[in-house]
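Colleague: This is input_11.txt (compact mmCIF, N, CA and C atoms).
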# COMPACT_ATOMS: atom_id res chain seq x y z
N MET M 10 26.60 13.33 -78.74
CA MET M 10 25.90 12.43 -77.85
C MET M 10 25.29 13.21 -76.69
N TRP M 11 26.07 14.14 -76.14
CA TRP M 11 25.58 14.89 -74.99
C TRP M 11 24.31 15.68 -75.33
N MET M 12 24.31 16.36 -76.45
CA MET M 12 23.15 17.16 -76.82
C MET M 12 21.93 16.26 -77.10
N ARG M 13 22.16 15.08 -77.61
CA ARG M 13 21.06 14.14 -77.83
C ARG M 13 20.49 13.65 -76.50
N LEU M 14 21.38 13.37 -75.53
CA LEU M 14 20.92 12.96 -74.21
C LEU M 14 20.11 14.08 -73.55
N VAL M 15 20.61 15.29 -73.64
CA VAL M 15 19.87 16.44 -73.10
C VAL M 15 18.52 16.56 -73.79
N GLY M 16 18.51 16.43 -75.10
CA GLY M 16 17.25 16.51 -75.83
C GLY M 16 16.25 15.47 -75.38
N VAL M 17 16.70 14.24 -75.22
CA VAL M 17 15.81 13.17 -74.76
C VAL M 17 15.30 13.45 -73.34
N THR M 18 16.21 13.87 -72.44
CA THR M 18 15.78 14.11 -71.06
C THR M 18 14.82 15.29 -70.96
N PHE M 19 14.91 16.24 -71.86
CA PHE M 19 13.97 17.36 -71.87
C PHE M 19 12.65 17.01 -72.56
N LEU M 20 12.73 16.30 -73.67
CA LEU M 20 11.54 16.08 -74.50
C LEU M 20 10.71 14.86 -74.13
N LEU M 21 11.34 13.76 -73.76
CA LEU M 21 10.60 12.53 -73.50
C LEU M 21 9.56 12.67 -72.38
N PRO M 22 9.90 13.28 -71.24
CA PRO M 22 8.86 13.42 -70.20
C PRO M 22 7.63 14.18 -70.69
N GLY M 23 7.82 15.19 -71.51
CA GLY M 23 6.68 15.94 -72.04
C GLY M 23 5.81 15.12 -72.97
N VAL M 24 6.46 14.30 -73.80
CA VAL M 24 5.71 13.41 -74.69
C VAL M 24 4.90 12.42 -73.88
N LEU M 25 5.51 11.84 -72.86
CA LEU M 25 4.80 10.88 -72.01
C LEU M 25 3.69 11.55 -71.22
N GLU M 26 3.95 12.78 -70.77
CA GLU M 26 2.92 13.50 -70.01
C GLU M 26 1.71 13.83 -70.88
N THR M 27 1.93 14.18 -72.12
CA THR M 27 0.82 14.47 -73.03
C THR M 27 -0.13 13.28 -73.11
N GLN M 28 0.43 12.08 -73.28
CA GLN M 28 -0.39 10.87 -73.34
C GLN M 28 -1.10 10.63 -72.02
N LEU M 29 -0.39 10.78 -70.90
CA LEU M 29 -0.99 10.52 -69.59
C LEU M 29 -2.11 11.51 -69.28
N LYS M 30 -1.91 12.78 -69.60
CA LYS M 30 -2.96 13.78 -69.36
C LYS M 30 -4.19 13.48 -70.22
N ARG M 31 -3.95 13.16 -71.46
CA ARG M 31 -5.05 12.88 -72.38
C ARG M 31 -5.83 11.64 -71.95
N ASP M 32 -5.13 10.57 -71.63
CA ASP M 32 -5.79 9.29 -71.40
C ASP M 32 -6.11 8.99 -69.94
N ALA M 33 -5.38 9.61 -69.00
CA ALA M 33 -5.55 9.25 -67.59
C ALA M 33 -5.81 10.44 -66.68
N GLY M 34 -5.70 11.65 -67.22
CA GLY M 34 -5.88 12.83 -66.38
C GLY M 34 -4.79 13.00 -65.34
N LEU M 35 -3.59 12.50 -65.65
CA LEU M 35 -2.46 12.55 -64.72
C LEU M 35 -1.26 13.22 -65.38
N SER M 36 -0.50 13.95 -64.57
CA SER M 36 0.79 14.41 -65.04
C SER M 36 1.77 13.24 -64.96
N PHE M 37 2.89 13.38 -65.62
CA PHE M 37 3.94 12.36 -65.57
C PHE M 37 4.38 12.15 -64.13
N PHE M 38 4.54 13.24 -63.38
CA PHE M 38 4.96 13.16 -61.98
C PHE M 38 3.90 12.46 -61.13
N GLU M 39 2.64 12.80 -61.33
CA GLU M 39 1.56 12.15 -60.57
C GLU M 39 1.53 10.65 -60.85
N TYR M 40 1.68 10.27 -62.11
CA TYR M 40 1.72 8.85 -62.47
C TYR M 40 2.88 8.17 -61.77
N HIS M 41 4.02 8.81 -61.75
CA HIS M 41 5.21 8.24 -61.11
C HIS M 41 4.97 8.05 -59.61
N VAL M 42 4.36 9.02 -58.97
CA VAL M 42 4.05 8.90 -57.54
C VAL M 42 3.13 7.71 -57.30
N LEU M 43 2.07 7.59 -58.08
CA LEU M 43 1.16 6.45 -57.93
C LEU M 43 1.90 5.13 -58.17
N ALA M 44 2.76 5.09 -59.18
CA ALA M 44 3.51 3.87 -59.48
C ALA M 44 4.45 3.50 -58.34
N MET M 45 5.14 4.49 -57.77
CA MET M 45 6.05 4.22 -56.66
C MET M 45 5.29 3.69 -55.44
N LEU M 46 4.09 4.20 -55.23
CA LEU M 46 3.28 3.68 -54.12
C LEU M 46 2.79 2.27 -54.42
N SER M 47 2.45 2.00 -55.66
CA SER M 47 1.93 0.67 -56.01
C SER M 47 2.98 -0.42 -55.82
N GLU M 48 4.25 -0.06 -55.94
CA GLU M 48 5.33 -1.03 -55.81
C GLU M 48 5.78 -1.24 -54.37
N ALA M 49 5.32 -0.40 -53.46
CA ALA M 49 5.74 -0.49 -52.06
C ALA M 49 4.90 -1.52 -51.31
N GLU M 50 5.51 -2.08 -50.28
CA GLU M 50 4.78 -3.00 -49.42
C GLU M 50 3.58 -2.28 -48.81
N GLY M 51 2.42 -2.88 -48.93
CA GLY M 51 1.20 -2.26 -48.41
C GLY M 51 0.80 -1.01 -49.16
N ARG M 52 1.39 -0.81 -50.35
CA ARG M 52 1.14 0.40 -51.17
C ARG M 52 1.36 1.67 -50.35
N THR M 53 2.37 1.64 -49.50
CA THR M 53 2.64 2.73 -48.56
C THR M 53 4.11 3.10 -48.56
N ARG M 54 4.38 4.40 -48.58
CA ARG M 54 5.74 4.92 -48.42
C ARG M 54 5.67 6.16 -47.55
N SER M 55 6.74 6.39 -46.82
CA SER M 55 6.83 7.66 -46.10
C SER M 55 6.94 8.78 -47.13
N MET M 56 6.45 9.94 -46.77
CA MET M 56 6.53 11.08 -47.69
C MET M 56 7.99 11.41 -48.00
N SER M 57 8.88 11.32 -47.03
CA SER M 57 10.28 11.64 -47.29
C SER M 57 10.92 10.61 -48.22
N ASP M 58 10.58 9.34 -48.05
CA ASP M 58 11.08 8.31 -48.96
C ASP M 58 10.54 8.54 -50.37
N LEU M 59 9.26 8.85 -50.47
CA LEU M 59 8.64 9.10 -51.76
C LEU M 59 9.26 10.33 -52.43
N ALA M 60 9.57 11.35 -51.64
CA ALA M 60 10.22 12.54 -52.19
C ALA M 60 11.61 12.20 -52.73
N ARG M 61 12.37 11.40 -51.99
CA ARG M 61 13.70 10.99 -52.47
C ARG M 61 13.58 10.19 -53.75
N TRP M 62 12.68 9.21 -53.76
CA TRP M 62 12.55 8.32 -54.90
C TRP M 62 12.07 9.07 -56.14
N SER M 63 11.27 10.12 -55.94
CA SER M 63 10.76 10.88 -57.09
C SER M 63 11.61 12.11 -57.39
N ASN M 64 12.74 12.24 -56.69
CA ASN M 64 13.65 13.37 -56.89
C ASN M 64 12.89 14.69 -56.77
N SER M 65 12.12 14.78 -55.69
CA SER M 65 11.25 15.93 -55.50
C SER M 65 11.47 16.53 -54.12
N SER M 66 11.12 17.79 -53.98
CA SER M 66 11.09 18.38 -52.65
C SER M 66 9.84 17.89 -51.93
N LEU M 67 9.88 17.90 -50.62
CA LEU M 67 8.68 17.54 -49.85
C LEU M 67 7.53 18.48 -50.15
N SER M 68 7.84 19.74 -50.39
CA SER M 68 6.81 20.72 -50.69
C SER M 68 6.09 20.38 -52.00
N ARG M 69 6.84 20.11 -53.05
CA ARG M 69 6.23 19.76 -54.34
C ARG M 69 5.43 18.47 -54.20
N LEU M 70 6.01 17.48 -53.53
CA LEU M 70 5.32 16.21 -53.34
C LEU M 70 4.03 16.40 -52.56
N SER M 71 4.07 17.23 -51.53
CA SER M 71 2.89 17.47 -50.72
C SER M 71 1.75 18.05 -51.55
N HIS M 72 2.08 18.98 -52.44
CA HIS M 72 1.05 19.56 -53.33
C HIS M 72 0.45 18.49 -54.24
N VAL M 73 1.31 17.63 -54.78
CA VAL M 73 0.84 16.57 -55.68
C VAL M 73 -0.02 15.57 -54.90
N VAL M 74 0.43 15.19 -53.72
CA VAL M 74 -0.35 14.24 -52.91
C VAL M 74 -1.70 14.85 -52.55
N THR M 75 -1.75 16.14 -52.28
CA THR M 75 -3.03 16.80 -52.00
C THR M 75 -3.97 16.67 -53.19
N ARG M 76 -3.45 16.88 -54.42
CA ARG M 76 -4.29 16.71 -55.61
C ARG M 76 -4.76 15.27 -55.76
N LEU M 77 -3.87 14.32 -55.49
CA LEU M 77 -4.23 12.91 -55.60
C LEU M 77 -5.23 12.51 -54.51
N GLU M 78 -5.12 13.12 -53.33
CA GLU M 78 -6.09 12.87 -52.26
C GLU M 78 -7.49 13.35 -52.68
N LYS M 79 -7.55 14.50 -53.31
CA LYS M 79 -8.84 15.05 -53.74
C LYS M 79 -9.53 14.13 -54.74
N GLN M 80 -8.74 13.37 -55.50
CA GLN M 80 -9.29 12.41 -56.45
C GLN M 80 -9.68 11.10 -55.76
N GLY M 81 -9.25 10.93 -54.50
CA GLY M 81 -9.51 9.69 -53.78
C GLY M 81 -8.50 8.59 -54.09
N TRP M 82 -7.37 8.95 -54.69
CA TRP M 82 -6.40 7.96 -55.12
C TRP M 82 -5.29 7.71 -54.10
N VAL M 83 -5.10 8.65 -53.19
CA VAL M 83 -4.06 8.55 -52.16
C VAL M 83 -4.66 9.09 -50.87
N ARG M 84 -4.18 8.56 -49.75
CA ARG M 84 -4.51 9.15 -48.45
C ARG M 84 -3.22 9.25 -47.64
N ARG M 85 -3.22 10.15 -46.68
CA ARG M 85 -2.07 10.28 -45.78
C ARG M 85 -2.45 9.69 -44.44
N GLU M 86 -1.45 9.12 -43.78
CA GLU M 86 -1.67 8.62 -42.43
C GLU M 86 -0.35 8.69 -41.67
N SER M 87 -0.46 8.68 -40.36
CA SER M 87 0.74 8.69 -39.52
C SER M 87 1.48 7.38 -39.68
N CYS M 88 2.79 7.48 -39.61
CA CYS M 88 3.64 6.29 -39.68
C CYS M 88 3.60 5.58 -38.33
N SER M 89 3.34 4.29 -38.34
CA SER M 89 3.23 3.55 -37.08
C SER M 89 4.56 3.46 -36.35
N ASP M 90 5.68 3.52 -37.08
CA ASP M 90 7.00 3.44 -36.46
C ASP M 90 7.51 4.78 -35.95
N ASP M 91 7.00 5.87 -36.50
CA ASP M 91 7.47 7.20 -36.14
C ASP M 91 6.32 8.18 -36.32
N ARG M 92 5.68 8.56 -35.24
CA ARG M 92 4.50 9.43 -35.30
C ARG M 92 4.80 10.80 -35.91
N ARG M 93 6.09 11.16 -35.99
CA ARG M 93 6.43 12.45 -36.62
C ARG M 93 6.39 12.36 -38.13
N ALA M 94 6.47 11.14 -38.65
CA ALA M 94 6.49 10.94 -40.10
C ALA M 94 5.08 10.71 -40.63
N THR M 95 4.89 11.06 -41.88
CA THR M 95 3.61 10.85 -42.56
C THR M 95 3.82 9.91 -43.72
N ASN M 96 2.91 8.98 -43.86
CA ASN M 96 2.93 8.05 -44.98
C ASN M 96 1.92 8.48 -46.04
N ALA M 97 2.24 8.18 -47.26
CA ALA M 97 1.27 8.28 -48.36
C ALA M 97 0.86 6.85 -48.68
N VAL M 98 -0.44 6.64 -48.83
CA VAL M 98 -0.99 5.30 -49.07
C VAL M 98 -1.82 5.34 -50.34
N LEU M 99 -1.54 4.43 -51.24
CA LEU M 99 -2.33 4.30 -52.47
C LEU M 99 -3.63 3.59 -52.14
N THR M 100 -4.75 4.24 -52.42
CA THR M 100 -6.06 3.63 -52.14
C THR M 100 -6.41 2.60 -53.21
N ASP M 101 -7.44 1.81 -52.93
CA ASP M 101 -7.91 0.86 -53.93
C ASP M 101 -8.34 1.58 -55.21
N GLU M 102 -8.97 2.75 -55.04
CA GLU M 102 -9.40 3.52 -56.21
C GLU M 102 -8.19 4.03 -56.99
N GLY M 103 -7.15 4.44 -56.27
CA GLY M 103 -5.93 4.89 -56.92
C GLY M 103 -5.23 3.76 -57.65
N PHE M 104 -5.20 2.60 -57.03
CA PHE M 104 -4.59 1.44 -57.67
C PHE M 104 -5.36 1.07 -58.94
N ALA M 105 -6.69 1.11 -58.86
CA ALA M 105 -7.51 0.79 -60.03
C ALA M 105 -7.27 1.80 -61.15
N HIS M 106 -7.15 3.08 -60.80
CA HIS M 106 -6.90 4.11 -61.82
C HIS M 106 -5.52 3.90 -62.45
N LEU M 107 -4.53 3.60 -61.62
CA LEU M 107 -3.19 3.33 -62.13
C LEU M 107 -3.20 2.11 -63.04
N ALA M 108 -3.87 1.06 -62.61
CA ALA M 108 -3.93 -0.17 -63.42
C ALA M 108 -4.61 0.08 -64.76
N ALA M 109 -5.64 0.91 -64.76
CA ALA M 109 -6.33 1.24 -66.01
C ALA M 109 -5.47 2.14 -66.90
N SER M 110 -4.63 2.96 -66.29
CA SER M 110 -3.78 3.90 -67.03
C SER M 110 -2.51 3.26 -67.55
N ALA M 111 -2.04 2.21 -66.89
CA ALA M 111 -0.73 1.63 -67.20
C ALA M 111 -0.61 1.12 -68.63
N PRO M 112 -1.58 0.40 -69.18
CA PRO M 112 -1.38 -0.11 -70.54
C PRO M 112 -1.12 0.99 -71.57
N GLY M 113 -1.83 2.09 -71.49
CA GLY M 113 -1.60 3.19 -72.43
C GLY M 113 -0.23 3.81 -72.24
N HIS M 114 0.19 3.95 -70.98
CA HIS M 114 1.50 4.52 -70.70
C HIS M 114 2.60 3.58 -71.19
N VAL M 115 2.45 2.30 -70.92
CA VAL M 115 3.44 1.32 -71.38
C VAL M 115 3.54 1.33 -72.91
N GLU M 116 2.41 1.41 -73.56
CA GLU M 116 2.41 1.45 -75.02
C GLU M 116 3.13 2.70 -75.53
N GLU M 117 2.91 3.84 -74.87
CA GLU M 117 3.58 5.08 -75.29
C GLU M 117 5.09 4.97 -75.09
N VAL M 118 5.51 4.41 -73.95
CA VAL M 118 6.94 4.21 -73.70
C VAL M 118 7.51 3.27 -74.76
N ARG M 119 6.80 2.21 -75.03
CA ARG M 119 7.27 1.26 -76.05
C ARG M 119 7.43 1.97 -77.40
N THR M 120 6.42 2.73 -77.79
CA THR M 120 6.45 3.43 -79.07
C THR M 120 7.59 4.44 -79.13
N GLN M 121 7.74 5.23 -78.08
CA GLN M 121 8.72 6.32 -78.11
C GLN M 121 10.15 5.87 -77.87
N VAL M 122 10.34 4.79 -77.12
CA VAL M 122 11.70 4.38 -76.74
C VAL M 122 12.08 3.04 -77.37
N PHE M 123 11.37 2.01 -77.04
CA PHE M 123 11.82 0.66 -77.41
C PHE M 123 11.64 0.34 -78.89
N ASP M 124 10.62 0.87 -79.52
CA ASP M 124 10.44 0.61 -80.95
C ASP M 124 11.53 1.25 -81.80
N ALA M 125 12.24 2.23 -81.24
CA ALA M 125 13.31 2.90 -81.97
C ALA M 125 14.63 2.12 -81.91
N LEU M 126 14.67 1.07 -81.07
CA LEU M 126 15.91 0.35 -80.82
C LEU M 126 15.73 -1.15 -81.04
N ASP M 127 16.82 -1.82 -81.42
CA ASP M 127 16.76 -3.28 -81.44
C ASP M 127 17.22 -3.80 -80.07
N ALA M 128 17.15 -5.11 -79.87
CA ALA M 128 17.45 -5.70 -78.57
C ALA M 128 18.88 -5.41 -78.12
N ASP M 129 19.82 -5.46 -79.04
CA ASP M 129 21.22 -5.17 -78.68
C ASP M 129 21.38 -3.72 -78.25
N GLN M 130 20.71 -2.81 -78.93
CA GLN M 130 20.79 -1.39 -78.57
C GLN M 130 20.16 -1.13 -77.19
N VAL M 131 19.06 -1.82 -76.91
CA VAL M 131 18.44 -1.69 -75.58
C VAL M 131 19.41 -2.16 -74.51
N ALA M 132 20.09 -3.28 -74.74
CA ALA M 132 21.04 -3.81 -73.76
C ALA M 132 22.20 -2.83 -73.54
N VAL M 133 22.73 -2.28 -74.62
CA VAL M 133 23.83 -1.31 -74.51
C VAL M 133 23.36 -0.06 -73.77
N MET M 134 22.16 0.41 -74.11
CA MET M 134 21.64 1.60 -73.43
C MET M 134 21.45 1.33 -71.94
N ALA M 135 20.92 0.17 -71.60
CA ALA M 135 20.71 -0.18 -70.19
C ALA M 135 22.04 -0.19 -69.44
N GLN M 136 23.05 -0.78 -70.03
CA GLN M 136 24.37 -0.82 -69.40
C GLN M 136 24.95 0.59 -69.26
N SER M 137 24.80 1.38 -70.28
CA SER M 137 25.35 2.74 -70.26
C SER M 137 24.64 3.60 -69.22
N LEU M 138 23.33 3.50 -69.18
CA LEU M 138 22.58 4.29 -68.19
C LEU M 138 22.90 3.84 -66.78
N GLU M 139 23.12 2.55 -66.58
CA GLU M 139 23.51 2.06 -65.26
C GLU M 139 24.83 2.68 -64.81
N LEU M 140 25.79 2.76 -65.71
CA LEU M 140 27.07 3.37 -65.37
C LEU M 140 26.91 4.85 -65.00
N ILE M 141 26.05 5.56 -65.73
CA ILE M 141 25.80 6.97 -65.41
C ILE M 141 25.09 7.08 -64.07
N LEU M 142 24.09 6.24 -63.84
CA LEU M 142 23.38 6.26 -62.55
C LEU M 142 24.31 5.99 -61.38
N GLN M 143 25.27 5.11 -61.56
CA GLN M 143 26.23 4.83 -60.49
C GLN M 143 27.04 6.07 -60.13
N ARG M 144 27.25 6.94 -61.10
CA ARG M 144 27.98 8.18 -60.83
C ARG M 144 27.11 9.26 -60.22
N VAL M 145 25.90 9.43 -60.74
CA VAL M 145 25.05 10.52 -60.26
C VAL M 145 24.29 10.14 -58.99
N ASP M 146 24.18 8.86 -58.69
CA ASP M 146 23.50 8.39 -57.48
C ASP M 146 24.26 7.19 -56.91
N PRO M 147 25.52 7.41 -56.49
CA PRO M 147 26.38 6.29 -56.10
C PRO M 147 25.85 5.49 -54.92
N GLY M 148 25.20 6.12 -53.99
CA GLY M 148 24.65 5.40 -52.84
C GLY M 148 23.24 4.94 -53.05
N ARG M 149 22.75 5.11 -54.29
CA ARG M 149 21.36 4.78 -54.59
C ARG M 149 20.41 5.40 -53.58
N VAL M 150 20.64 6.68 -53.32
CA VAL M 150 19.80 7.44 -52.39
C VAL M 150 18.36 7.45 -52.85
N ALA M 151 18.16 7.45 -54.16
CA ALA M 151 16.81 7.52 -54.69
C ALA M 151 16.11 6.17 -54.73
N ALA M 152 16.79 5.11 -54.31
CA ALA M 152 16.17 3.78 -54.33
C ALA M 152 15.09 3.69 -53.27
N PRO M 153 13.92 3.22 -53.64
CA PRO M 153 12.83 3.14 -52.66
C PRO M 153 13.12 2.06 -51.63
N ASN M 154 12.74 2.36 -50.37
CA ASN M 154 12.87 1.32 -49.35
C ASN M 154 11.57 1.05 -48.64
N GLY M 155 10.58 1.92 -48.82
CA GLY M 155 9.25 1.67 -48.28
C GLY M 155 9.14 1.79 -46.78
N SER M 156 10.22 2.17 -46.10
CA SER M 156 10.16 2.24 -44.63
C SER M 156 9.86 3.64 -44.17
N CYS M 157 9.46 3.74 -42.92
CA CYS M 157 9.21 5.05 -42.31
C CYS M 157 10.55 5.68 -41.95
N ASP M 158 10.62 6.99 -42.02
CA ASP M 158 11.86 7.70 -41.65
C ASP M 158 11.77 8.22 -40.25
Could you take the file, read its structure, and then write that structure out as structure tokens?

Modeller:
Amino acid sequence: MWMRLVGVTFLLPGVLETQLKRDAGLSFFEYHVLAMLSEAEGRTRSMSDLARWSNSSLSRLSHVVTRLEKQGWVRRESCSDDRRATNAVLTDEGFAHLAASAPGHVEEVRTQVFDALDADQVAVMAQSLELILQRVDPGRVAAPNGSCD
């Protein structure tokens, strides 16, 4: 079981990234950043919150946000609650690109993950993964909160 879990965690992101690069011009990480911004209030998150939620260093996230800014999909702005903090904001163009990219990504996830399992297996997997997440992230540090730090 362990080697299969390792195999999935190593291989699945690459499979999903191949589809995203081909169809949307995005890496898996870039897509995830856009998705996390789209789910936040005002499509805005502090960079530190976004780094936590994406399990990334601020340095790596900053490089990715710079690439997304060049595409016009994200902009940075000062946090109104804390001028020392910087927010990443999903632009209308970024939201439109994400919305156009989402159906293909969802279909790839469905094909690679959900089509391999029946409903009972999905439920068991969800429960099992929740138990593992409770151990590796007991305080839900990676949970998005959308607030300025």

Colleague: Which residue out of M:Leu138, M:Leu43, M:Leu25, M:Cys88 has the minimum interatomic distance to M:Leu107 when all atoms listed in the file are used?

Modeller: M:Leu43

Colleague: Choose the residue, out of M:Gly34, M:Gly103, M:Gly23, M:Gly113, that has the smallest atom-to-atom separation from M:Gly81; count all atoms listed in the file.

Modeller: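 Of M:Gly34, M:Gly103, M:Gly23, M:Gly113, the one nearest M:Gly81, counting all atoms listed in the file, is M:Gly103.
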
Colleague: What does the structure give for the distance between atom CA of M:His106 and atom C of M:Ala33, in Å to one decimal?

Modeller: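 Value for the atom CA of M:His106-atom C of M:Ala33 distance: 8.1 Å.
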
Colleague: Out of M:Asp91, M:Asp129, M:Asp124, M:Glu117, which residue has the shortest atom-to-atom distance to M:Thr27 when counting only C-alpha atoms?

Modeller: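 Selected residue with least distance to M:Thr27: M:Glu117.
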
Colleague: What gap, in Å, lies between atom C of M:Ser110 and atom C of M:Asp32?

Modeller: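 Atom C of M:Ser110 sits 7.2 Å away from atom C of M:Asp32.
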
Colleague: Hey, could you pull the box centre and edge lengths for stretch 91-94 of chain M, axis-aligned, 6 Å padding per side, all listed atoms, to one decimal in Å, as JSON?

Modeller:
{"center_x": 6.0, "center_y": 9.2, "center_z": -37.9, "size_x": 15.0, "size_y": 18.6, "size_z": 17.4}

Colleague: Calculated over only C-alpha atoms, which of the candidates M:Thr100, M:Gln28, M:Thr18, M:Ser57 has the smallest distance to M:Val118?

Modeller: M:Gln28

Colleague: Counting only C-alpha atoms, which of M:Pro147, M:Val98, M:Pro112, M:Leu140 gets nearest to M:Val74?

Modeller: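 Checking each candidate against M:Val74, we get M:Val98 as the closest.
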
Colleague: Go ahead and compute the interatomic distance for atom C of M:Gln80 and atom CA of M:Phe104, in Å to one decimal.

Modeller: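 Separating atom C of M:Gln80 from atom CA of M:Phe104 is a distance of 11.1 Å.
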
Colleague: Considering only C-alpha atoms, can you say which of M:Asp127, M:Glu39, M:Asp58, M:Glu116 comes closest to M:Trp82?

Modeller: M:Glu39

Colleague: Could you pull out the alpha helix (DSSP H) residues of stretch 63-122 of chain M, going by DSSP on the backbone, and write them as number ranges by chain?

Modeller: M: 67-79, 101-121

Colleague: If you run DSSP on the backbone, which residues of chain M are strand (DSSP E or B), as a list of chain:residue names?

Modeller: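 Result set for chain M (strand (DSSP E or B)): M:Thr53, M:Arg54, M:Ser55, M:Val83, M:Arg84, M:Arg85, M:Glu86, M:Ser87, M:Thr95, M:Asn96, M:Ala97, M:Val98, M:Leu99.
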
Colleague: Dump C-alpha atoms of stretch 27-79 of chain M from the given block, as a PDB file, in the first residue's frame.

Modeller:
ATOM      1  CA  THR M  27       0.881  17.409 -18.786  1.00  0.00           C
ATOM      2  CA  GLN M  28      -2.808  18.050 -19.506  1.00  0.00           C
ATOM      3  CA  LEU M  29      -2.714  21.547 -17.988  1.00  0.00           C
ATOM      4  CA  LYS M  30       0.397  22.574 -19.935  1.00  0.00           C
ATOM      5  CA  ARG M  31      -1.023  21.222 -23.173  1.00  0.00           C
ATOM      6  CA  ASP M  32      -4.506  22.690 -22.812  1.00  0.00           C
ATOM      7  CA  ALA M  33      -4.045  25.772 -20.601  1.00  0.00           C
ATOM      8  CA  GLY M  34      -0.367  26.716 -20.696  1.00  0.00           C
ATOM      9  CA  LEU M  35      -0.200  26.281 -16.911  1.00  0.00           C
ATOM     10  CA  SER M  36       1.837  24.137 -14.582  1.00  0.00           C
ATOM     11  CA  PHE M  37      -0.042  22.136 -11.959  1.00  0.00           C
ATOM     12  CA  PHE M  38       1.277  24.548  -9.305  1.00  0.00           C
ATOM     13  CA  GLU M  39       0.215  27.633 -11.295  1.00  0.00           C
ATOM     14  CA  TYR M  40      -3.272  26.190 -11.742  1.00  0.00           C
ATOM     15  CA  HIS M  41      -3.462  25.487  -8.016  1.00  0.00           C
ATOM     16  CA  VAL M  42      -2.439  29.067  -7.184  1.00  0.00           C
ATOM     17  CA  LEU M  43      -5.115  30.464  -9.506  1.00  0.00           C
ATOM     18  CA  ALA M  44      -7.701  28.076  -8.028  1.00  0.00           C
ATOM     19  CA  MET M  45      -6.817  29.059  -4.448  1.00  0.00           C
ATOM     20  CA  LEU M  46      -7.216  32.718  -5.372  1.00  0.00           C
ATOM     21  CA  SER M  47     -10.536  32.066  -7.116  1.00  0.00           C
ATOM     22  CA  GLU M  48     -11.947  30.520  -3.936  1.00  0.00           C
ATOM     23  CA  ALA M  49     -10.915  33.413  -1.686  1.00  0.00           C
ATOM     24  CA  GLU M  50     -13.129  36.323  -0.778  1.00  0.00           C
ATOM     25  CA  GLY M  51     -12.517  39.049  -3.343  1.00  0.00           C
ATOM     26  CA  ARG M  52     -10.245  36.581  -5.192  1.00  0.00           C
ATOM     27  CA  THR M  53      -7.496  37.806  -2.852  1.00  0.00           C
ATOM     28  CA  ARG M  54      -5.101  36.099  -0.453  1.00  0.00           C
ATOM     29  CA  SER M  55      -2.015  37.270   1.337  1.00  0.00           C
ATOM     30  CA  MET M  56       1.146  35.854  -0.181  1.00  0.00           C
ATOM     31  CA  SER M  57       2.018  34.130   3.102  1.00  0.00           C
ATOM     32  CA  ASP M  58      -1.439  32.531   3.320  1.00  0.00           C
ATOM     33  CA  LEU M  59      -1.184  31.433  -0.311  1.00  0.00           C
ATOM     34  CA  ALA M  60       2.278  29.983   0.356  1.00  0.00           C
ATOM     35  CA  ARG M  61       0.955  27.984   3.321  1.00  0.00           C
ATOM     36  CA  TRP M  62      -2.078  26.745   1.416  1.00  0.00           C
ATOM     37  CA  SER M  63       0.046  25.698  -1.563  1.00  0.00           C
ATOM     38  CA  ASN M  64       2.744  24.139   0.646  1.00  0.00           C
ATOM     39  CA  SER M  65       5.285  26.417  -0.960  1.00  0.00           C
ATOM     40  CA  SER M  66       8.062  28.724   0.098  1.00  0.00           C
ATOM     41  CA  LEU M  67       7.411  32.431  -0.340  1.00  0.00           C
ATOM     42  CA  SER M  68      10.324  32.508  -2.768  1.00  0.00           C
ATOM     43  CA  ARG M  69       8.864  29.827  -5.054  1.00  0.00           C
ATOM     44  CA  LEU M  70       5.421  31.398  -4.840  1.00  0.00           C
ATOM     45  CA  SER M  71       6.827  34.826  -5.656  1.00  0.00           C
ATOM     46  CA  HIS M  72       8.436  33.474  -8.838  1.00  0.00           C
ATOM     47  CA  VAL M  73       5.168  31.827  -9.883  1.00  0.00           C
ATOM     48  CA  VAL M  74       3.128  34.948  -9.124  1.00  0.00           C
ATOM     49  CA  THR M  75       5.587  36.977 -11.214  1.00  0.00           C
ATOM     50  CA  ARG M  76       4.956  34.628 -14.172  1.00  0.00           C
ATOM     51  CA  LEU M  77       1.200  34.872 -13.633  1.00  0.00           C
ATOM     52  CA  GLU M  78       1.454  38.681 -13.427  1.00  0.00           C
ATOM     53  CA  LYS M  79       3.225  38.764 -16.795  1.00  0.00           C
TER      54      LYS M  79
END
